[in-house]
>>> print(open('start_30.txt').read())   # compact mmCIF, N, CA and C atoms
# COMPACT_ATOMS: atom_id res chain seq x y z
N MET K 1 0.85 -1.18 0.00
CA MET K 1 0.00 0.00 0.00
C MET K 1 0.89 1.24 0.00
N ASP K 2 0.74 2.08 -1.02
CA ASP K 2 1.53 3.29 -1.15
C ASP K 2 0.64 4.49 -0.85
N ILE K 3 0.64 4.90 0.42
CA ILE K 3 -0.22 6.00 0.87
C ILE K 3 0.58 7.29 0.88
N GLU K 4 0.02 8.31 0.27
CA GLU K 4 0.68 9.62 0.17
C GLU K 4 0.04 10.60 1.14
N ILE K 5 0.87 11.39 1.83
CA ILE K 5 0.37 12.47 2.67
C ILE K 5 0.48 13.77 1.90
N LYS K 6 -0.59 14.53 1.92
CA LYS K 6 -0.58 15.87 1.31
C LYS K 6 -0.88 16.88 2.40
N LYS K 7 -0.15 17.97 2.39
CA LYS K 7 -0.35 19.05 3.36
C LYS K 7 -0.79 20.30 2.60
N GLY K 8 -1.80 20.99 3.16
CA GLY K 8 -2.23 22.23 2.56
C GLY K 8 -3.15 22.07 1.36
N PHE K 9 -3.65 20.89 1.15
CA PHE K 9 -4.53 20.62 0.02
C PHE K 9 -5.92 20.31 0.55
N VAL K 10 -6.90 21.07 0.13
CA VAL K 10 -8.28 20.84 0.55
C VAL K 10 -8.95 19.97 -0.52
N PRO K 11 -9.35 18.75 -0.13
CA PRO K 11 -9.98 17.84 -1.10
C PRO K 11 -11.35 18.32 -1.53
N GLU K 12 -11.86 17.68 -2.56
CA GLU K 12 -13.23 17.93 -3.00
C GLU K 12 -14.17 17.57 -1.85
N MET K 13 -15.20 18.35 -1.65
CA MET K 13 -16.10 18.13 -0.52
C MET K 13 -16.83 16.79 -0.59
N ASP K 14 -17.10 16.28 -1.78
CA ASP K 14 -17.73 14.96 -1.88
C ASP K 14 -16.85 13.90 -1.21
N ASP K 15 -15.54 13.99 -1.42
CA ASP K 15 -14.60 13.04 -0.81
C ASP K 15 -14.55 13.23 0.70
N VAL K 16 -14.57 14.48 1.14
CA VAL K 16 -14.53 14.78 2.57
C VAL K 16 -15.78 14.24 3.26
N ILE K 17 -16.92 14.46 2.66
CA ILE K 17 -18.19 14.00 3.25
C ILE K 17 -18.22 12.48 3.32
N LYS K 18 -17.73 11.79 2.29
CA LYS K 18 -17.66 10.32 2.33
C LYS K 18 -16.80 9.86 3.51
N LEU K 19 -15.68 10.52 3.72
CA LEU K 19 -14.78 10.15 4.82
C LEU K 19 -15.46 10.37 6.17
N TYR K 20 -16.03 11.54 6.38
CA TYR K 20 -16.69 11.85 7.65
C TYR K 20 -17.89 10.93 7.88
N ASP K 21 -18.65 10.64 6.82
CA ASP K 21 -19.78 9.71 6.93
C ASP K 21 -19.30 8.32 7.33
N ASP K 22 -18.23 7.86 6.68
CA ASP K 22 -17.69 6.53 6.97
C ASP K 22 -17.28 6.40 8.44
N CYS K 23 -16.82 7.50 9.01
CA CYS K 23 -16.39 7.51 10.42
C CYS K 23 -17.55 7.78 11.37
N GLY K 24 -18.74 8.04 10.83
CA GLY K 24 -19.92 8.26 11.66
C GLY K 24 -20.00 9.65 12.26
N TRP K 25 -19.30 10.60 11.67
CA TRP K 25 -19.29 11.97 12.20
C TRP K 25 -20.40 12.78 11.55
N THR K 26 -21.63 12.38 11.82
CA THR K 26 -22.79 13.00 11.16
C THR K 26 -23.07 14.42 11.64
N ALA K 27 -22.55 14.80 12.79
CA ALA K 27 -22.72 16.20 13.21
C ALA K 27 -22.07 17.14 12.19
N TYR K 28 -21.05 16.65 11.51
CA TYR K 28 -20.39 17.44 10.46
C TYR K 28 -21.13 17.29 9.13
N THR K 29 -21.48 16.06 8.76
CA THR K 29 -22.04 15.84 7.44
C THR K 29 -23.49 16.27 7.33
N ASP K 30 -24.16 16.46 8.46
CA ASP K 30 -25.53 16.99 8.43
C ASP K 30 -25.56 18.44 7.97
N GLU K 31 -24.42 19.12 8.08
CA GLU K 31 -24.31 20.52 7.65
C GLU K 31 -23.08 20.68 6.76
N PRO K 32 -23.15 20.19 5.52
CA PRO K 32 -21.97 20.19 4.65
C PRO K 32 -21.38 21.56 4.37
N GLU K 33 -22.21 22.60 4.34
CA GLU K 33 -21.68 23.95 4.10
C GLU K 33 -20.81 24.39 5.27
N THR K 34 -21.23 24.06 6.48
CA THR K 34 -20.45 24.40 7.67
C THR K 34 -19.15 23.61 7.69
N LEU K 35 -19.20 22.34 7.33
CA LEU K 35 -17.99 21.52 7.26
C LEU K 35 -17.01 22.09 6.25
N GLU K 36 -17.49 22.48 5.10
CA GLU K 36 -16.62 23.06 4.08
C GLU K 36 -15.96 24.33 4.59
N LYS K 37 -16.72 25.20 5.22
CA LYS K 37 -16.17 26.43 5.78
C LYS K 37 -15.13 26.12 6.85
N ALA K 38 -15.42 25.15 7.71
CA ALA K 38 -14.49 24.78 8.78
C ALA K 38 -13.16 24.29 8.21
N ILE K 39 -13.24 23.44 7.21
CA ILE K 39 -12.01 22.91 6.62
C ILE K 39 -11.23 24.01 5.92
N LYS K 40 -11.90 24.84 5.17
CA LYS K 40 -11.20 25.92 4.47
C LYS K 40 -10.60 26.94 5.43
N ASN K 41 -11.19 27.10 6.62
CA ASN K 41 -10.68 28.06 7.60
C ASN K 41 -9.67 27.44 8.58
N SER K 42 -9.32 26.19 8.36
CA SER K 42 -8.36 25.51 9.24
C SER K 42 -6.98 26.15 9.10
N LEU K 43 -6.21 26.04 10.16
CA LEU K 43 -4.82 26.48 10.11
C LEU K 43 -4.06 25.64 9.08
N GLU K 44 -4.26 24.32 9.15
CA GLU K 44 -3.62 23.42 8.19
C GLU K 44 -4.49 22.19 8.00
N VAL K 45 -4.44 21.63 6.81
CA VAL K 45 -5.16 20.40 6.48
C VAL K 45 -4.13 19.38 5.98
N PHE K 46 -4.18 18.19 6.56
CA PHE K 46 -3.32 17.08 6.17
C PHE K 46 -4.23 15.98 5.65
N THR K 47 -3.90 15.40 4.51
CA THR K 47 -4.74 14.33 3.96
C THR K 47 -3.88 13.12 3.62
N LEU K 48 -4.50 11.96 3.66
CA LEU K 48 -3.87 10.70 3.26
C LEU K 48 -4.59 10.18 2.03
N TRP K 49 -3.83 9.74 1.04
CA TRP K 49 -4.40 9.30 -0.23
C TRP K 49 -3.87 7.93 -0.62
N ASP K 50 -4.76 7.07 -1.04
CA ASP K 50 -4.42 5.82 -1.68
C ASP K 50 -4.82 6.00 -3.14
N GLY K 51 -3.89 6.48 -3.93
CA GLY K 51 -4.21 6.86 -5.31
C GLY K 51 -5.15 8.04 -5.30
N GLU K 52 -6.34 7.85 -5.82
CA GLU K 52 -7.35 8.92 -5.87
C GLU K 52 -8.33 8.85 -4.70
N ILE K 53 -8.13 7.90 -3.79
CA ILE K 53 -9.07 7.71 -2.68
C ILE K 53 -8.57 8.46 -1.44
N LEU K 54 -9.41 9.35 -0.92
CA LEU K 54 -9.11 10.04 0.34
C LEU K 54 -9.35 9.04 1.47
N VAL K 55 -8.28 8.66 2.16
CA VAL K 55 -8.41 7.65 3.21
C VAL K 55 -8.24 8.23 4.61
N GLY K 56 -7.76 9.48 4.70
CA GLY K 56 -7.59 10.08 6.01
C GLY K 56 -7.47 11.59 5.92
N LEU K 57 -7.78 12.23 7.02
CA LEU K 57 -7.70 13.69 7.09
C LEU K 57 -7.46 14.10 8.53
N ALA K 58 -6.61 15.09 8.70
CA ALA K 58 -6.44 15.75 10.00
C ALA K 58 -6.42 17.24 9.72
N ARG K 59 -6.98 18.00 10.64
CA ARG K 59 -6.93 19.45 10.46
C ARG K 59 -6.67 20.10 11.80
N THR K 60 -5.94 21.21 11.72
CA THR K 60 -5.60 21.95 12.92
C THR K 60 -6.17 23.36 12.84
N VAL K 61 -6.41 23.92 14.00
CA VAL K 61 -6.81 25.31 14.13
C VAL K 61 -5.91 25.94 15.18
N GLY K 62 -5.68 27.22 15.07
CA GLY K 62 -4.82 27.89 16.04
C GLY K 62 -4.25 29.17 15.48
N ASP K 63 -3.20 29.67 16.17
CA ASP K 63 -2.60 30.93 15.74
C ASP K 63 -1.29 30.75 14.98
N GLY K 64 -0.83 29.52 14.86
CA GLY K 64 0.39 29.25 14.11
C GLY K 64 1.67 29.62 14.84
N ALA K 65 1.56 30.01 16.11
CA ALA K 65 2.75 30.42 16.85
C ALA K 65 2.81 29.83 18.26
N THR K 66 1.72 29.97 19.01
CA THR K 66 1.77 29.55 20.41
C THR K 66 0.80 28.43 20.76
N ILE K 67 -0.24 28.25 19.95
CA ILE K 67 -1.24 27.23 20.28
C ILE K 67 -1.80 26.60 19.01
N CYS K 68 -2.00 25.30 19.11
CA CYS K 68 -2.57 24.55 17.99
C CYS K 68 -3.52 23.51 18.55
N TYR K 69 -4.69 23.44 17.98
CA TYR K 69 -5.68 22.43 18.34
C TYR K 69 -5.78 21.42 17.19
N LEU K 70 -5.66 20.16 17.53
CA LEU K 70 -5.98 19.13 16.55
C LEU K 70 -7.49 18.99 16.57
N GLN K 71 -8.13 19.51 15.56
CA GLN K 71 -9.59 19.54 15.55
C GLN K 71 -10.18 18.22 15.11
N ASP K 72 -9.65 17.66 14.03
CA ASP K 72 -10.19 16.40 13.51
C ASP K 72 -9.04 15.51 13.07
N ILE K 73 -9.20 14.23 13.27
CA ILE K 73 -8.32 13.23 12.67
C ILE K 73 -9.19 12.01 12.38
N LEU K 74 -9.25 11.62 11.12
CA LEU K 74 -10.13 10.53 10.68
C LEU K 74 -9.39 9.63 9.69
N ILE K 75 -9.67 8.34 9.78
CA ILE K 75 -9.16 7.36 8.83
C ILE K 75 -10.36 6.50 8.41
N LEU K 76 -10.50 6.26 7.10
CA LEU K 76 -11.57 5.36 6.65
C LEU K 76 -11.52 4.06 7.43
N ASN K 77 -12.67 3.55 7.81
CA ASN K 77 -12.74 2.32 8.60
C ASN K 77 -11.97 1.17 7.96
N SER K 78 -12.06 1.02 6.65
CA SER K 78 -11.39 -0.09 5.97
C SER K 78 -9.86 0.06 5.96
N TYR K 79 -9.34 1.22 6.33
CA TYR K 79 -7.90 1.46 6.37
C TYR K 79 -7.36 1.54 7.80
N GLN K 80 -8.23 1.43 8.79
CA GLN K 80 -7.79 1.52 10.18
C GLN K 80 -7.02 0.27 10.57
N GLY K 81 -6.15 0.42 11.57
CA GLY K 81 -5.36 -0.70 12.06
C GLY K 81 -4.12 -0.97 11.23
N LYS K 82 -3.76 -0.03 10.35
CA LYS K 82 -2.59 -0.21 9.47
C LYS K 82 -1.50 0.82 9.76
N GLY K 83 -1.63 1.54 10.89
CA GLY K 83 -0.62 2.53 11.25
C GLY K 83 -0.79 3.88 10.59
N LEU K 84 -1.87 4.07 9.85
CA LEU K 84 -2.06 5.33 9.13
C LEU K 84 -2.40 6.49 10.06
N GLY K 85 -3.19 6.23 11.10
CA GLY K 85 -3.49 7.28 12.07
C GLY K 85 -2.22 7.73 12.78
N THR K 86 -1.36 6.78 13.13
CA THR K 86 -0.08 7.09 13.76
C THR K 86 0.78 7.93 12.81
N ARG K 87 0.83 7.52 11.58
CA ARG K 87 1.62 8.25 10.57
C ARG K 87 1.08 9.68 10.38
N LEU K 88 -0.23 9.80 10.27
CA LEU K 88 -0.84 11.10 10.05
C LEU K 88 -0.62 12.01 11.26
N LEU K 89 -0.86 11.50 12.46
CA LEU K 89 -0.65 12.32 13.65
C LEU K 89 0.82 12.67 13.82
N GLY K 90 1.71 11.75 13.48
CA GLY K 90 3.14 12.04 13.53
C GLY K 90 3.50 13.22 12.64
N GLU K 91 2.91 13.27 11.47
CA GLU K 91 3.14 14.39 10.54
C GLU K 91 2.62 15.70 11.12
N VAL K 92 1.44 15.65 11.72
CA VAL K 92 0.86 16.85 12.34
C VAL K 92 1.74 17.33 13.49
N LEU K 93 2.17 16.41 14.35
CA LEU K 93 3.02 16.77 15.49
C LEU K 93 4.35 17.35 15.03
N ALA K 94 4.95 16.75 14.02
CA ALA K 94 6.23 17.26 13.50
C ALA K 94 6.06 18.67 12.95
N ASP K 95 4.94 18.89 12.28
CA ASP K 95 4.68 20.21 11.69
C ASP K 95 4.46 21.27 12.77
N ASN K 96 4.09 20.84 13.97
CA ASN K 96 3.81 21.77 15.07
C ASN K 96 4.80 21.62 16.22
N ALA K 97 5.98 21.14 15.93
CA ALA K 97 6.99 20.87 16.97
C ALA K 97 7.38 22.12 17.75
N ASN K 98 7.29 23.28 17.15
CA ASN K 98 7.70 24.52 17.83
C ASN K 98 6.54 25.27 18.48
N ILE K 99 5.35 24.70 18.42
CA ILE K 99 4.18 25.31 19.05
C ILE K 99 4.22 24.99 20.55
N ARG K 100 4.00 25.99 21.37
CA ARG K 100 4.07 25.80 22.83
C ARG K 100 2.99 24.87 23.36
N GLN K 101 1.76 25.04 22.91
CA GLN K 101 0.65 24.21 23.39
C GLN K 101 -0.02 23.52 22.21
N PHE K 102 0.01 22.20 22.23
CA PHE K 102 -0.69 21.39 21.23
C PHE K 102 -1.81 20.67 21.96
N ILE K 103 -3.04 20.92 21.57
CA ILE K 103 -4.20 20.48 22.34
C ILE K 103 -5.14 19.64 21.48
N LEU K 104 -5.71 18.64 22.11
CA LEU K 104 -6.69 17.77 21.48
C LEU K 104 -7.79 17.51 22.50
N LEU K 105 -9.02 17.63 22.06
CA LEU K 105 -10.18 17.28 22.88
C LEU K 105 -10.85 16.11 22.18
N THR K 106 -10.99 14.99 22.90
CA THR K 106 -11.57 13.81 22.30
C THR K 106 -12.33 13.01 23.35
N GLU K 107 -13.03 11.99 22.90
CA GLU K 107 -13.77 11.13 23.82
C GLU K 107 -12.80 10.39 24.74
N ASP K 108 -13.17 10.25 25.99
CA ASP K 108 -12.33 9.57 26.97
C ASP K 108 -12.60 8.07 26.90
N THR K 109 -11.91 7.40 25.99
CA THR K 109 -12.00 5.95 25.87
C THR K 109 -10.62 5.35 26.06
N HIS K 110 -10.58 4.10 26.42
CA HIS K 110 -9.29 3.41 26.58
C HIS K 110 -8.50 3.44 25.27
N LYS K 111 -9.19 3.19 24.17
CA LYS K 111 -8.54 3.19 22.85
C LYS K 111 -7.90 4.54 22.55
N ASN K 112 -8.63 5.65 22.80
CA ASN K 112 -8.09 6.98 22.55
C ASN K 112 -6.90 7.28 23.46
N ARG K 113 -7.04 6.97 24.74
CA ARG K 113 -5.94 7.22 25.68
C ARG K 113 -4.68 6.48 25.25
N LYS K 114 -4.84 5.22 24.90
CA LYS K 114 -3.70 4.40 24.48
C LYS K 114 -3.06 4.97 23.21
N PHE K 115 -3.86 5.31 22.22
CA PHE K 115 -3.36 5.82 20.94
C PHE K 115 -2.59 7.13 21.13
N TYR K 116 -3.20 8.09 21.81
CA TYR K 116 -2.56 9.40 21.93
C TYR K 116 -1.36 9.38 22.87
N LYS K 117 -1.42 8.60 23.93
CA LYS K 117 -0.27 8.48 24.83
C LYS K 117 0.91 7.85 24.10
N LYS K 118 0.64 6.87 23.24
CA LYS K 118 1.68 6.21 22.47
C LYS K 118 2.48 7.22 21.64
N LEU K 119 1.82 8.29 21.24
CA LEU K 119 2.47 9.29 20.40
C LEU K 119 2.97 10.50 21.19
N GLY K 120 2.98 10.38 22.52
CA GLY K 120 3.58 11.42 23.34
C GLY K 120 2.64 12.47 23.89
N LEU K 121 1.36 12.36 23.60
CA LEU K 121 0.41 13.30 24.17
C LEU K 121 0.05 12.83 25.58
N ARG K 122 -0.25 13.78 26.44
CA ARG K 122 -0.60 13.45 27.83
C ARG K 122 -1.95 14.05 28.17
N PRO K 123 -2.70 13.38 29.05
CA PRO K 123 -3.99 13.96 29.47
C PRO K 123 -3.78 15.25 30.23
N VAL K 124 -4.73 16.15 30.11
CA VAL K 124 -4.61 17.47 30.72
C VAL K 124 -4.40 17.39 32.23
N GLU K 125 -4.96 16.36 32.87
CA GLU K 125 -4.79 16.26 34.33
C GLU K 125 -3.33 16.05 34.71
N ASP K 126 -2.50 15.53 33.81
CA ASP K 126 -1.06 15.39 34.09
C ASP K 126 -0.37 16.73 34.28
N TYR K 127 -0.97 17.78 33.77
CA TYR K 127 -0.40 19.13 33.87
C TYR K 127 -1.03 19.92 35.01
N GLU K 128 -1.83 19.24 35.82
CA GLU K 128 -2.56 19.90 36.91
C GLU K 128 -3.37 21.09 36.40
N CYS K 129 -4.02 20.85 35.26
CA CYS K 129 -4.88 21.86 34.64
C CYS K 129 -6.31 21.33 34.61
N ILE K 130 -7.18 22.21 34.26
CA ILE K 130 -8.57 21.85 34.03
C ILE K 130 -8.99 22.46 32.70
N SER K 131 -9.88 21.81 32.02
CA SER K 131 -10.36 22.37 30.78
C SER K 131 -11.87 22.60 30.90
N PHE K 132 -12.34 23.57 30.14
CA PHE K 132 -13.75 23.92 30.14
C PHE K 132 -14.25 23.97 28.71
N MET K 133 -15.51 23.72 28.54
CA MET K 133 -16.10 23.86 27.22
C MET K 133 -17.59 24.15 27.34
N LYS K 134 -18.14 24.61 26.28
CA LYS K 134 -19.56 24.93 26.25
C LYS K 134 -20.16 24.33 25.01
>>> encode(input="start_30.txt", output="structure tokens")
Amino acid sequence: MDIEIKKGFVPEMDDVIKLYDDCGWTAYTDEPETLEKAIKNSLEVFTLWDGEILVGLARTVGDGATICYLQDILILNSYQGKGLGTRLLGEVLADNANIRQFILLTEDTHKNRKFYKKLGLRPVEDYECISFMK
């Protein structure tokens, strides 16, 4: 499998919607215009391609200097378990190596904790911080 990573390339929205639908992220695909705006307004977009097939996407938001949020990271279900999420997140982390705060908000599951810890991310409680959201 020869998977290519592209940075700074916004795919066709039909491909993006197929990816988000495949991952069950219907809160995004129920409002495709909002999803398109969100992706286009991202700080950076990273995509994974198997030829012409969009198999993964990660996007960041932030100021490009002191803080970066990993907003989305998705891999097509049929491509999961092949190290592609690790590869994609590794690319995102390398691209943001000089950012002071790299933040991710995700579901608190054993699978997520294991995956993100494996790549050097730590839960916010390790920093004696608290996070808030609305």
>>> atom_distance(input="start_30.txt", atom1="atom CA of Gly8 of chain K", atom2="atom C of Val45 of chain K")
4.8 Å
>>> residues_around(input="start_30.txt", residues="segment 14-21 of chain K", least_positions_apart="2", cutoff="8 Å", atoms="all atoms listed in the file", output="compact mmCIF listing (two decimals) with N, CA and C atoms, in the coordinates of the input")
# COMPACT_ATOMS: atom_id res chain seq x y z
N PRO K 11 -9.35 18.75 -0.13
CA PRO K 11 -9.98 17.84 -1.10
C PRO K 11 -11.35 18.32 -1.53
N GLU K 12 -11.86 17.68 -2.56
CA GLU K 12 -13.23 17.93 -3.00
C GLU K 12 -14.17 17.57 -1.85
N CYS K 23 -16.82 7.50 9.01
CA CYS K 23 -16.39 7.51 10.42
C CYS K 23 -17.55 7.78 11.37
N GLY K 24 -18.74 8.04 10.83
CA GLY K 24 -19.92 8.26 11.66
C GLY K 24 -20.00 9.65 12.26
N TRP K 25 -19.30 10.60 11.67
CA TRP K 25 -19.29 11.97 12.20
C TRP K 25 -20.40 12.78 11.55
N THR K 26 -21.63 12.38 11.82
CA THR K 26 -22.79 13.00 11.16
C THR K 26 -23.07 14.42 11.64
N ALA K 27 -22.55 14.80 12.79
CA ALA K 27 -22.72 16.20 13.21
C ALA K 27 -22.07 17.14 12.19
N TYR K 28 -21.05 16.65 11.51
CA TYR K 28 -20.39 17.44 10.46
C TYR K 28 -21.13 17.29 9.13
N THR K 29 -21.48 16.06 8.76
CA THR K 29 -22.04 15.84 7.44
C THR K 29 -23.49 16.27 7.33
N PRO K 32 -23.15 20.19 5.52
CA PRO K 32 -21.97 20.19 4.65
C PRO K 32 -21.38 21.56 4.37
N ILE K 53 -8.13 7.90 -3.79
CA ILE K 53 -9.07 7.71 -2.68
C ILE K 53 -8.57 8.46 -1.44
N LEU K 54 -9.41 9.35 -0.92
CA LEU K 54 -9.11 10.04 0.34
C LEU K 54 -9.35 9.04 1.47
N VAL K 55 -8.28 8.66 2.16
CA VAL K 55 -8.41 7.65 3.21
C VAL K 55 -8.24 8.23 4.61
N GLY K 56 -7.76 9.48 4.70
CA GLY K 56 -7.59 10.08 6.01
C GLY K 56 -7.47 11.59 5.92
N LEU K 57 -7.78 12.23 7.02
CA LEU K 57 -7.70 13.69 7.09
C LEU K 57 -7.46 14.10 8.53
N LEU K 74 -9.25 11.62 11.12
CA LEU K 74 -10.13 10.53 10.68
C LEU K 74 -9.39 9.63 9.69
N ILE K 75 -9.67 8.34 9.78
CA ILE K 75 -9.16 7.36 8.83
C ILE K 75 -10.36 6.50 8.41
N LEU K 76 -10.50 6.26 7.10
CA LEU K 76 -11.57 5.36 6.65
C LEU K 76 -11.52 4.06 7.43
N ASN K 77 -12.67 3.55 7.81
CA ASN K 77 -12.74 2.32 8.60
C ASN K 77 -11.97 1.17 7.96
>>> closest_residue(input="start_30.txt", among="K:Thr34, K:Thr47, K:Thr106, K:Ser42", to="Leu88 of chain K", atoms="only C-alpha atoms")
K:Thr47
>>> closest_residue(input="start_30.txt", among="K:Ile5, K:Ile99, K:Leu121, K:Val61", to="Phe46 of chain K", atoms="all atoms listed in the file")
K:Ile5
>>> closest_residue(input="start_30.txt", among="K:Leu48, K:Lys37, K:Glu4, K:Leu70", to="Leu104 of chain K", atoms="all atoms listed in the file")
K:Leu70
>>> atom_distance(input="start_30.txt", atom1="atom N of Glu44 of chain K", atom2="atom N of Met1 of chain K")
27.6 Å
>>> closest_residue(input="start_30.txt", among="K:Leu119, K:Cys129, K:Asp2, K:Gln80", to="Gly51 of chain K", atoms="all atoms listed in the file")
K:Asp2
>>> atom_distance(input="start_30.txt", atom1="atom CA of Ile73 of chain K", atom2="atom N of Glu52 of chain K")
19.4 Å
>>> select_by_dssp(input="start_30.txt", residues="chain K", states="helix (DSSP H, G or I)", output="PyMOL selection string")
chain K and resi 13-22+26-29+32-40+77-79+84-95+110-118+124-127
